[in-house]
Amino acid sequence: MKVILSIDPVRFPLTGIGRYTFELARHLKKISQIERLRFFSGYRFADDLPELGQSAKPEASSSINIRRTILNNRLTVGMFHLISPLIKSYALRGHSDHVFHGPNFYLPPFDGPRVCTFHDLSVFTWAHCHPPERVRFMRKEIALTLKRADMLITDSEYTRQEVAAYFGWPLEKIRAVPLACSEDFRPRTADELRPVLGRHGLRLGGYSLYVGTIEPRKNLEVLLDAYAMLPPSIRQRYPLVLIGYRGWRSEQLHTRIEAAVSEGWARYLGFVVADELPLIYAGARVFVFPSLYEGFGLPVLEAMASGIPVVCSNSSTLPEVAGDAAAMCEPQDADALCHLIATGLEDEIWRSKAKSKGLLQAAGFSWQRCTEETVAVYGEASS
């Protein structure tokens, strides 16, 4: 089997889809069924992945910067939409004996077998949570991908069923392949945690944690409502720490976060470097993730792998990821969420069970499994 993998999403610092692509690329190198693996970046083949923690190679980063600039201008989006596929198709000519995999919704014209990964349908079902230009561009690209693809991959069974129902795509041509998290997310000793927690003014086991983009889809209004219902003594003892980029339409959320910070029961750390994030996970007392919609829910898996009790919503894919290890409630039920957070902070019997179940649940996900199941999809696309 010969494979071409697009590595356009590999941009540092790695976010969810970038991490997925990076880990898939690394593990595909070790698969014996693949006799030739080539990486495609921008409009040309790349010799290898950029090294973790470093910037992409000039040829990859230049195309990425061009793409970002173009997507901010409505007039040039149309031109890019027409010209880019032609350039990619020209660069890929003569490789029809390979399987081409687009790991991030997009497929260029290609004469060989084509596989694409759909991570969620938020630009269709939660369009108000994205910039309008991004929605228009992605919807057009996804429509073309659906015409070009031989097989689709989703991160979860929930999204598999959603894609089939929304687009009327044959369910038998969609495979759910679960993601995994980095091995850096694991239980840590107090000595390991002390330096990083100290730099951020955090106390071991002394805070609740949320990690994710600050945006409406993450349901942070309800999280803040629920946390505000906790007795003041609990809120002060275990402040809510939020980590994540400022997302689309997040102004109101940041106003509320700033108010909570001024009252002494919240901290907003913004972006945290990759080396420190697993340690902040492992130092938390409970992880809280009430998201309204997820394509997978990687932060929940990262928390469980870190040995931290999880409280999350029961929406979309989260029950698949958390299994019976997390305490779950309806995403809009602030009263129930408040009760579960209090349990996660104070009920030592539940906390102990949740830690053990979480570690066991997380152990079922691995990049090796993800890669092997992905290669099986390549085989189906080729047959």
# chains A, B, ... in the order shown; residues from 1 in each chain; ligands from 1
call {"tool": "residues_around", "arguments": {"residues": "A:Ala284", "least_positions_apart": "2", "cutoff": "7 Å", "atoms": "only C-alpha atoms", "output": "list of chain:residue names"}}
result
A:Leu204, A:Gly205, A:Gly206, A:Tyr207, A:Ser208, A:Leu209, A:Ile280, A:Tyr281, A:Ala282, A:Val286, A:Phe287, A:Ile308
call {"tool": "closest_atom_pairs", "arguments": {"of": "stretch 76-165 of chain A", "to": "stretch 312-318 of chain A", "cutoff": "10 Å", "atoms": "only C-alpha atoms", "output": "Markdown table"}}
result
| residue | atom | partner | partner_atom | distance |
| --- | --- | --- | --- | --- |
| A:Asp120 | CA | A:Thr317 | CA | 9.9 |
| A:Asp155 | CA | A:Thr317 | CA | 9.0 |
| A:Ser156 | CA | A:Thr317 | CA | 6.6 |
| A:Glu157 | CA | A:Thr317 | CA | 7.8 |
| A:Tyr158 | CA | A:Thr317 | CA | 5.7 |
| A:Thr159 | CA | A:Thr317 | CA | 7.4 |
| A:Glu162 | CA | A:Ser316 | CA | 9.7 |
call {"tool": "write_last_selection", "arguments": {"atoms": "C-alpha atoms", "output": "PDB file, in the first residue's frame"}}
result
ATOM      1  CA  ASP A 120     -17.418  17.516  13.404  1.00  0.00           C
ATOM      2  CA  ASP A 155     -13.555  10.736  15.332  1.00  0.00           C
ATOM      3  CA  SER A 156     -16.621   9.157  16.930  1.00  0.00           C
ATOM      4  CA  GLU A 157     -19.668   7.034  16.242  1.00  0.00           C
ATOM      5  CA  TYR A 158     -21.855  10.040  17.058  1.00  0.00           C
ATOM      6  CA  THR A 159     -20.250  12.070  14.270  1.00  0.00           C
ATOM      7  CA  GLU A 162     -24.448  12.656  12.123  1.00  0.00           C
TER       8      GLU A 162
END
call {"tool": "residues_around", "arguments": {"residues": "A:Cys370", "least_positions_apart": "6", "cutoff": "8 Å", "atoms": "only C-alpha atoms", "output": "list in words"}}
result
Leu24, Val177, Pro178, Leu179 and Ala180 of chain A
call {"tool": "residues_around", "arguments": {"residues": "A:Ala46", "least_positions_apart": "2", "cutoff": "10 Å", "atoms": "only C-alpha atoms", "output": "list in words"}}
result
Ser6, Ile7, Arg38, Phe39, Phe40, Ser41, Gly42, Tyr43, Arg44, Asp48, Leu49, Pro50, Lys57, Glu59 and Ala60 of chain A
call {"tool": "closest_atom_pairs", "arguments": {"of": "stretch 181-255 of chain A", "to": "stretch 341-363 of chain A", "cutoff": "10 Å", "atoms": "only C-alpha atoms", "output": "Markdown table"}}
result
| residue | atom | partner | partner_atom | distance |
| --- | --- | --- | --- | --- |
| A:Cys181 | CA | A:Ala362 | CA | 8.7 |
| A:Arg186 | CA | A:Leu359 | CA | 8.8 |
| A:Pro187 | CA | A:Leu359 | CA | 9.2 |
| A:Gly205 | CA | A:Leu345 | CA | 9.3 |
| A:Gly206 | CA | A:Leu345 | CA | 9.3 |
| A:Tyr207 | CA | A:Leu345 | CA | 8.8 |
| A:Ser208 | CA | A:Leu345 | CA | 7.9 |
| A:Leu223 | CA | A:Ile341 | CA | 9.7 |
| A:Ala226 | CA | A:Ile341 | CA | 8.3 |
| A:Tyr227 | CA | A:Ile341 | CA | 7.9 |
| A:Met229 | CA | A:Ala342 | CA | 10.0 |
| A:Leu230 | CA | A:Ala342 | CA | 7.2 |
| A:Pro231 | CA | A:Ala342 | CA | 9.3 |
| A:Ile234 | CA | A:Ala342 | CA | 8.3 |
| A:Arg235 | CA | A:Ala342 | CA | 9.7 |
| A:Tyr238 | CA | A:Leu345 | CA | 7.9 |
call {"tool": "atom_distance", "arguments": {"atom1": "atom CA of A:Thr125", "atom2": "atom CA of A:Asp335"}}
result
26.4 Å
call {"tool": "closest_residue", "arguments": {"among": "A:Ile34, A:Val115, A:Leu220, A:Ala149", "to": "A:Trp169", "atoms": "only C-alpha atoms"}}
result
A:Ala149
call {"tool": "select_by_dssp", "arguments": {"residues": "stretch 307-348 of chain A", "states": "alpha helix (DSSP H)", "output": "PyMOL selection string"}}
result
chain A and resi 318-322+334-346+348
call {"tool": "closest_residue", "arguments": {"among": "A:Phe45, A:Tyr20, A:Trp126, A:Phe110", "to": "A:Glu294", "atoms": "only C-alpha atoms"}}
result
A:Trp126
call {"tool": "residues_around", "arguments": {"residues": "A:Asn219", "least_positions_apart": "6", "cutoff": "10 Å", "atoms": "only C-alpha atoms", "output": "PyMOL selection string"}}
result
chain A and resi 253+289-293+313+331-332
call {"tool": "residues_around", "arguments": {"residues": "A:Gln33", "least_positions_apart": "6", "cutoff": "9 Å", "atoms": "only C-alpha atoms", "output": "list in words"}}
result
Met1, Lys2 and Val375 of chain A
call {"tool": "write_last_selection", "arguments": {"atoms": "N, CA and C atoms", "output": "PDB file, in the first residue's frame"}}
result
ATOM      1  N   MET A   1       0.832  -1.196   0.000  1.00  0.00           N
ATOM      2  CA  MET A   1       0.000   0.000   0.000  1.00  0.00           C
ATOM      3  C   MET A   1       0.872   1.254   0.000  1.00  0.00           C
ATOM      4  N   LYS A   2       0.519   2.217  -0.836  1.00  0.00           N
ATOM      5  CA  LYS A   2       1.213   3.501  -0.884  1.00  0.00           C
ATOM      6  C   LYS A   2       0.243   4.593  -0.430  1.00  0.00           C
ATOM      7  N   VAL A 375      -5.540   2.733   8.663  1.00  0.00           N
ATOM      8  CA  VAL A 375      -4.967   1.954   7.561  1.00  0.00           C
ATOM      9  C   VAL A 375      -6.000   0.968   6.996  1.00  0.00           C
TER      10      VAL A 375
END
call {"tool": "closest_residue", "arguments": {"among": "A:Val211, A:Cys129, A:Leu92, A:Leu224", "to": "A:Asp111", "atoms": "only C-alpha atoms"}}
result
A:Leu92
call {"tool": "decode", "arguments": {"residues": "stretch 72-121 of chain A", "atoms": "N, CA and C atoms", "output": "PDB file, in the first residue's frame"}}
result
ATOM      1  N   ASN A  72      -9.139  35.713   5.182  1.00  0.00           N
ATOM      2  CA  ASN A  72      -9.645  36.914   5.827  1.00  0.00           C
ATOM      3  C   ASN A  72     -10.216  37.923   4.834  1.00  0.00           C
ATOM      4  N   ASN A  73     -10.167  37.616   3.536  1.00  0.00           N
ATOM      5  CA  ASN A  73     -10.636  38.525   2.501  1.00  0.00           C
ATOM      6  C   ASN A  73     -11.663  37.803   1.641  1.00  0.00           C
ATOM      7  N   ARG A  74     -12.888  38.313   1.653  1.00  0.00           N
ATOM      8  CA  ARG A  74     -13.975  37.612   0.968  1.00  0.00           C
ATOM      9  C   ARG A  74     -13.745  37.503  -0.536  1.00  0.00           C
ATOM     10  N   LEU A  75     -13.177  38.554  -1.122  1.00  0.00           N
ATOM     11  CA  LEU A  75     -12.962  38.547  -2.569  1.00  0.00           C
ATOM     12  C   LEU A  75     -11.945  37.487  -2.987  1.00  0.00           C
ATOM     13  N   THR A  76     -10.891  37.358  -2.197  1.00  0.00           N
ATOM     14  CA  THR A  76      -9.848  36.397  -2.571  1.00  0.00           C
ATOM     15  C   THR A  76     -10.213  34.964  -2.201  1.00  0.00           C
ATOM     16  N   VAL A  77     -11.202  34.780  -1.302  1.00  0.00           N
ATOM     17  CA  VAL A  77     -11.628  33.420  -0.969  1.00  0.00           C
ATOM     18  C   VAL A  77     -12.120  32.706  -2.225  1.00  0.00           C
ATOM     19  N   GLY A  78     -12.914  33.419  -3.050  1.00  0.00           N
ATOM     20  CA  GLY A  78     -13.421  32.810  -4.267  1.00  0.00           C
ATOM     21  C   GLY A  78     -12.317  32.414  -5.223  1.00  0.00           C
ATOM     22  N   MET A  79     -11.318  33.278  -5.379  1.00  0.00           N
ATOM     23  CA  MET A  79     -10.195  32.971  -6.260  1.00  0.00           C
ATOM     24  C   MET A  79      -9.408  31.775  -5.729  1.00  0.00           C
ATOM     25  N   PHE A  80      -9.164  31.782  -4.418  1.00  0.00           N
ATOM     26  CA  PHE A  80      -8.436  30.675  -3.800  1.00  0.00           C
ATOM     27  C   PHE A  80      -9.203  29.367  -3.991  1.00  0.00           C
ATOM     28  N   HIS A  81     -10.526  29.444  -3.845  1.00  0.00           N
ATOM     29  CA  HIS A  81     -11.374  28.264  -3.975  1.00  0.00           C
ATOM     30  C   HIS A  81     -11.267  27.656  -5.373  1.00  0.00           C
ATOM     31  N   LEU A  82     -11.054  28.507  -6.378  1.00  0.00           N
ATOM     32  CA  LEU A  82     -10.946  28.024  -7.754  1.00  0.00           C
ATOM     33  C   LEU A  82      -9.538  27.567  -8.111  1.00  0.00           C
ATOM     34  N   ILE A  83      -8.536  28.320  -7.671  1.00  0.00           N
ATOM     35  CA  ILE A  83      -7.170  28.082  -8.119  1.00  0.00           C
ATOM     36  C   ILE A  83      -6.455  27.002  -7.300  1.00  0.00           C
ATOM     37  N   SER A  84      -6.637  27.005  -6.003  1.00  0.00           N
ATOM     38  CA  SER A  84      -5.900  26.086  -5.133  1.00  0.00           C
ATOM     39  C   SER A  84      -6.058  24.622  -5.528  1.00  0.00           C
ATOM     40  N   PRO A  85      -7.299  24.130  -5.775  1.00  0.00           N
ATOM     41  CA  PRO A  85      -7.425  22.715  -6.163  1.00  0.00           C
ATOM     42  C   PRO A  85      -6.674  22.369  -7.440  1.00  0.00           C
ATOM     43  N   LEU A  86      -6.628  23.311  -8.370  1.00  0.00           N
ATOM     44  CA  LEU A  86      -5.923  23.050  -9.632  1.00  0.00           C
ATOM     45  C   LEU A  86      -4.426  22.888  -9.406  1.00  0.00           C
ATOM     46  N   ILE A  87      -3.865  23.747  -8.536  1.00  0.00           N
ATOM     47  CA  ILE A  87      -2.436  23.662  -8.253  1.00  0.00           C
ATOM     48  C   ILE A  87      -2.107  22.359  -7.533  1.00  0.00           C
ATOM     49  N   LYS A  88      -2.943  22.013  -6.544  1.00  0.00           N
ATOM     50  CA  LYS A  88      -2.721  20.764  -5.807  1.00  0.00           C
ATOM     51  C   LYS A  88      -2.840  19.564  -6.741  1.00  0.00           C
ATOM     52  N   SER A  89      -3.858  19.580  -7.579  1.00  0.00           N
ATOM     53  CA  SER A  89      -4.067  18.462  -8.495  1.00  0.00           C
ATOM     54  C   SER A  89      -2.871  18.279  -9.425  1.00  0.00           C
ATOM     55  N   TYR A  90      -2.321  19.394  -9.900  1.00  0.00           N
ATOM     56  CA  TYR A  90      -1.148  19.329 -10.781  1.00  0.00           C
ATOM     57  C   TYR A  90       0.042  18.720 -10.033  1.00  0.00           C
ATOM     58  N   ALA A  91       0.232  19.122  -8.762  1.00  0.00           N
ATOM     59  CA  ALA A  91       1.357  18.610  -7.975  1.00  0.00           C
ATOM     60  C   ALA A  91       1.210  17.119  -7.676  1.00  0.00           C
ATOM     61  N   LEU A  92      -0.041  16.635  -7.628  1.00  0.00           N
ATOM     62  CA  LEU A  92      -0.297  15.234  -7.263  1.00  0.00           C
ATOM     63  C   LEU A  92      -0.394  14.303  -8.471  1.00  0.00           C
ATOM     64  N   ARG A  93      -0.263  14.845  -9.668  1.00  0.00           N
ATOM     65  CA  ARG A  93      -0.417  14.019 -10.861  1.00  0.00           C
ATOM     66  C   ARG A  93       0.625  12.896 -10.854  1.00  0.00           C
ATOM     67  N   GLY A  94       0.233  11.757 -11.413  1.00  0.00           N
ATOM     68  CA  GLY A  94       1.156  10.634 -11.519  1.00  0.00           C
ATOM     69  C   GLY A  94       1.252   9.790 -10.266  1.00  0.00           C
ATOM     70  N   HIS A  95       0.380  10.030  -9.277  1.00  0.00           N
ATOM     71  CA  HIS A  95       0.430   9.265  -8.029  1.00  0.00           C
ATOM     72  C   HIS A  95      -0.873   8.516  -7.761  1.00  0.00           C
ATOM     73  N   SER A  96      -1.551   8.125  -8.812  1.00  0.00           N
ATOM     74  CA  SER A  96      -2.849   7.470  -8.633  1.00  0.00           C
ATOM     75  C   SER A  96      -2.741   6.081  -8.014  1.00  0.00           C
ATOM     76  N   ASP A  97      -1.533   5.561  -7.891  1.00  0.00           N
ATOM     77  CA  ASP A  97      -1.350   4.274  -7.219  1.00  0.00           C
ATOM     78  C   ASP A  97      -1.241   4.438  -5.701  1.00  0.00           C
ATOM     79  N   HIS A  98      -1.369   5.672  -5.207  1.00  0.00           N
ATOM     80  CA  HIS A  98      -1.368   5.958  -3.773  1.00  0.00           C
ATOM     81  C   HIS A  98      -2.794   6.215  -3.283  1.00  0.00           C
ATOM     82  N   VAL A  99      -3.019   6.010  -1.987  1.00  0.00           N
ATOM     83  CA  VAL A  99      -4.230   6.495  -1.315  1.00  0.00           C
ATOM     84  C   VAL A  99      -3.924   7.893  -0.791  1.00  0.00           C
ATOM     85  N   PHE A 100      -4.781   8.858  -1.104  1.00  0.00           N
ATOM     86  CA  PHE A 100      -4.600  10.208  -0.570  1.00  0.00           C
ATOM     87  C   PHE A 100      -5.535  10.395   0.616  1.00  0.00           C
ATOM     88  N   HIS A 101      -4.970  10.882   1.741  1.00  0.00           N
ATOM     89  CA  HIS A 101      -5.757  11.120   2.953  1.00  0.00           C
ATOM     90  C   HIS A 101      -5.701  12.598   3.325  1.00  0.00           C
ATOM     91  N   GLY A 102      -6.856  13.246   3.325  1.00  0.00           N
ATOM     92  CA  GLY A 102      -6.979  14.607   3.830  1.00  0.00           C
ATOM     93  C   GLY A 102      -7.492  14.548   5.256  1.00  0.00           C
ATOM     94  N   PRO A 103      -6.689  14.886   6.256  1.00  0.00           N
ATOM     95  CA  PRO A 103      -7.086  14.696   7.657  1.00  0.00           C
ATOM     96  C   PRO A 103      -7.913  15.836   8.243  1.00  0.00           C
ATOM     97  N   ASN A 104      -8.292  16.813   7.401  1.00  0.00           N
ATOM     98  CA  ASN A 104      -8.934  18.008   7.940  1.00  0.00           C
ATOM     99  C   ASN A 104     -10.014  18.525   6.990  1.00  0.00           C
ATOM    100  N   PHE A 105     -10.994  17.672   6.679  1.00  0.00           N
ATOM    101  CA  PHE A 105     -12.184  18.039   5.917  1.00  0.00           C
ATOM    102  C   PHE A 105     -11.972  18.195   4.409  1.00  0.00           C
ATOM    103  N   TYR A 106     -10.756  18.446   3.933  1.00  0.00           N
ATOM    104  CA  TYR A 106     -10.550  18.845   2.535  1.00  0.00           C
ATOM    105  C   TYR A 106      -9.884  17.750   1.708  1.00  0.00           C
ATOM    106  N   LEU A 107     -10.329  17.644   0.458  1.00  0.00           N
ATOM    107  CA  LEU A 107      -9.701  16.760  -0.518  1.00  0.00           C
ATOM    108  C   LEU A 107      -9.518  17.519  -1.822  1.00  0.00           C
ATOM    109  N   PRO A 108      -8.304  17.552  -2.382  1.00  0.00           N
ATOM    110  CA  PRO A 108      -8.111  18.125  -3.712  1.00  0.00           C
ATOM    111  C   PRO A 108      -8.522  17.114  -4.773  1.00  0.00           C
ATOM    112  N   PRO A 109      -8.667  17.530  -6.021  1.00  0.00           N
ATOM    113  CA  PRO A 109      -8.877  16.547  -7.096  1.00  0.00           C
ATOM    114  C   PRO A 109      -7.695  15.579  -7.146  1.00  0.00           C
ATOM    115  N   PHE A 110      -7.995  14.294  -7.239  1.00  0.00           N
ATOM    116  CA  PHE A 110      -6.933  13.271  -7.204  1.00  0.00           C
ATOM    117  C   PHE A 110      -7.454  12.041  -7.921  1.00  0.00           C
ATOM    118  N   ASP A 111      -6.597  11.394  -8.714  1.00  0.00           N
ATOM    119  CA  ASP A 111      -7.031  10.266  -9.545  1.00  0.00           C
ATOM    120  C   ASP A 111      -7.057   8.932  -8.804  1.00  0.00           C
ATOM    121  N   GLY A 112      -6.402   8.850  -7.644  1.00  0.00           N
ATOM    122  CA  GLY A 112      -6.366   7.596  -6.901  1.00  0.00           C
ATOM    123  C   GLY A 112      -7.439   7.532  -5.827  1.00  0.00           C
ATOM    124  N   PRO A 113      -7.397   6.506  -4.976  1.00  0.00           N
ATOM    125  CA  PRO A 113      -8.354   6.391  -3.870  1.00  0.00           C
ATOM    126  C   PRO A 113      -8.225   7.569  -2.899  1.00  0.00           C
ATOM    127  N   ARG A 114      -9.369   8.046  -2.388  1.00  0.00           N
ATOM    128  CA  ARG A 114      -9.379   9.256  -1.562  1.00  0.00           C
ATOM    129  C   ARG A 114     -10.124   8.999  -0.253  1.00  0.00           C
ATOM    130  N   VAL A 115      -9.463   9.385   0.848  1.00  0.00           N
ATOM    131  CA  VAL A 115     -10.031   9.258   2.188  1.00  0.00           C
ATOM    132  C   VAL A 115      -9.961  10.623   2.855  1.00  0.00           C
ATOM    133  N   CYS A 116     -11.000  10.985   3.584  1.00  0.00           N
ATOM    134  CA  CYS A 116     -10.989  12.277   4.282  1.00  0.00           C
ATOM    135  C   CYS A 116     -11.551  12.109   5.689  1.00  0.00           C
ATOM    136  N   THR A 117     -10.992  12.853   6.637  1.00  0.00           N
ATOM    137  CA  THR A 117     -11.482  12.843   8.010  1.00  0.00           C
ATOM    138  C   THR A 117     -12.353  14.065   8.263  1.00  0.00           C
ATOM    139  N   PHE A 118     -13.578  13.811   8.755  1.00  0.00           N
ATOM    140  CA  PHE A 118     -14.487  14.854   9.215  1.00  0.00           C
ATOM    141  C   PHE A 118     -14.494  14.818  10.741  1.00  0.00           C
ATOM    142  N   HIS A 119     -14.110  15.903  11.374  1.00  0.00           N
ATOM    143  CA  HIS A 119     -14.008  15.920  12.837  1.00  0.00           C
ATOM    144  C   HIS A 119     -15.307  16.316  13.522  1.00  0.00           C
ATOM    145  N   ASP A 120     -16.106  17.136  12.878  1.00  0.00           N
ATOM    146  CA  ASP A 120     -17.418  17.516  13.404  1.00  0.00           C
ATOM    147  C   ASP A 120     -18.167  18.239  12.295  1.00  0.00           C
ATOM    148  N   LEU A 121     -19.402  18.618  12.576  1.00  0.00           N
ATOM    149  CA  LEU A 121     -20.202  19.360  11.605  1.00  0.00           C
ATOM    150  C   LEU A 121     -20.570  20.735  12.144  1.00  0.00           C
TER     151      LEU A 121
END
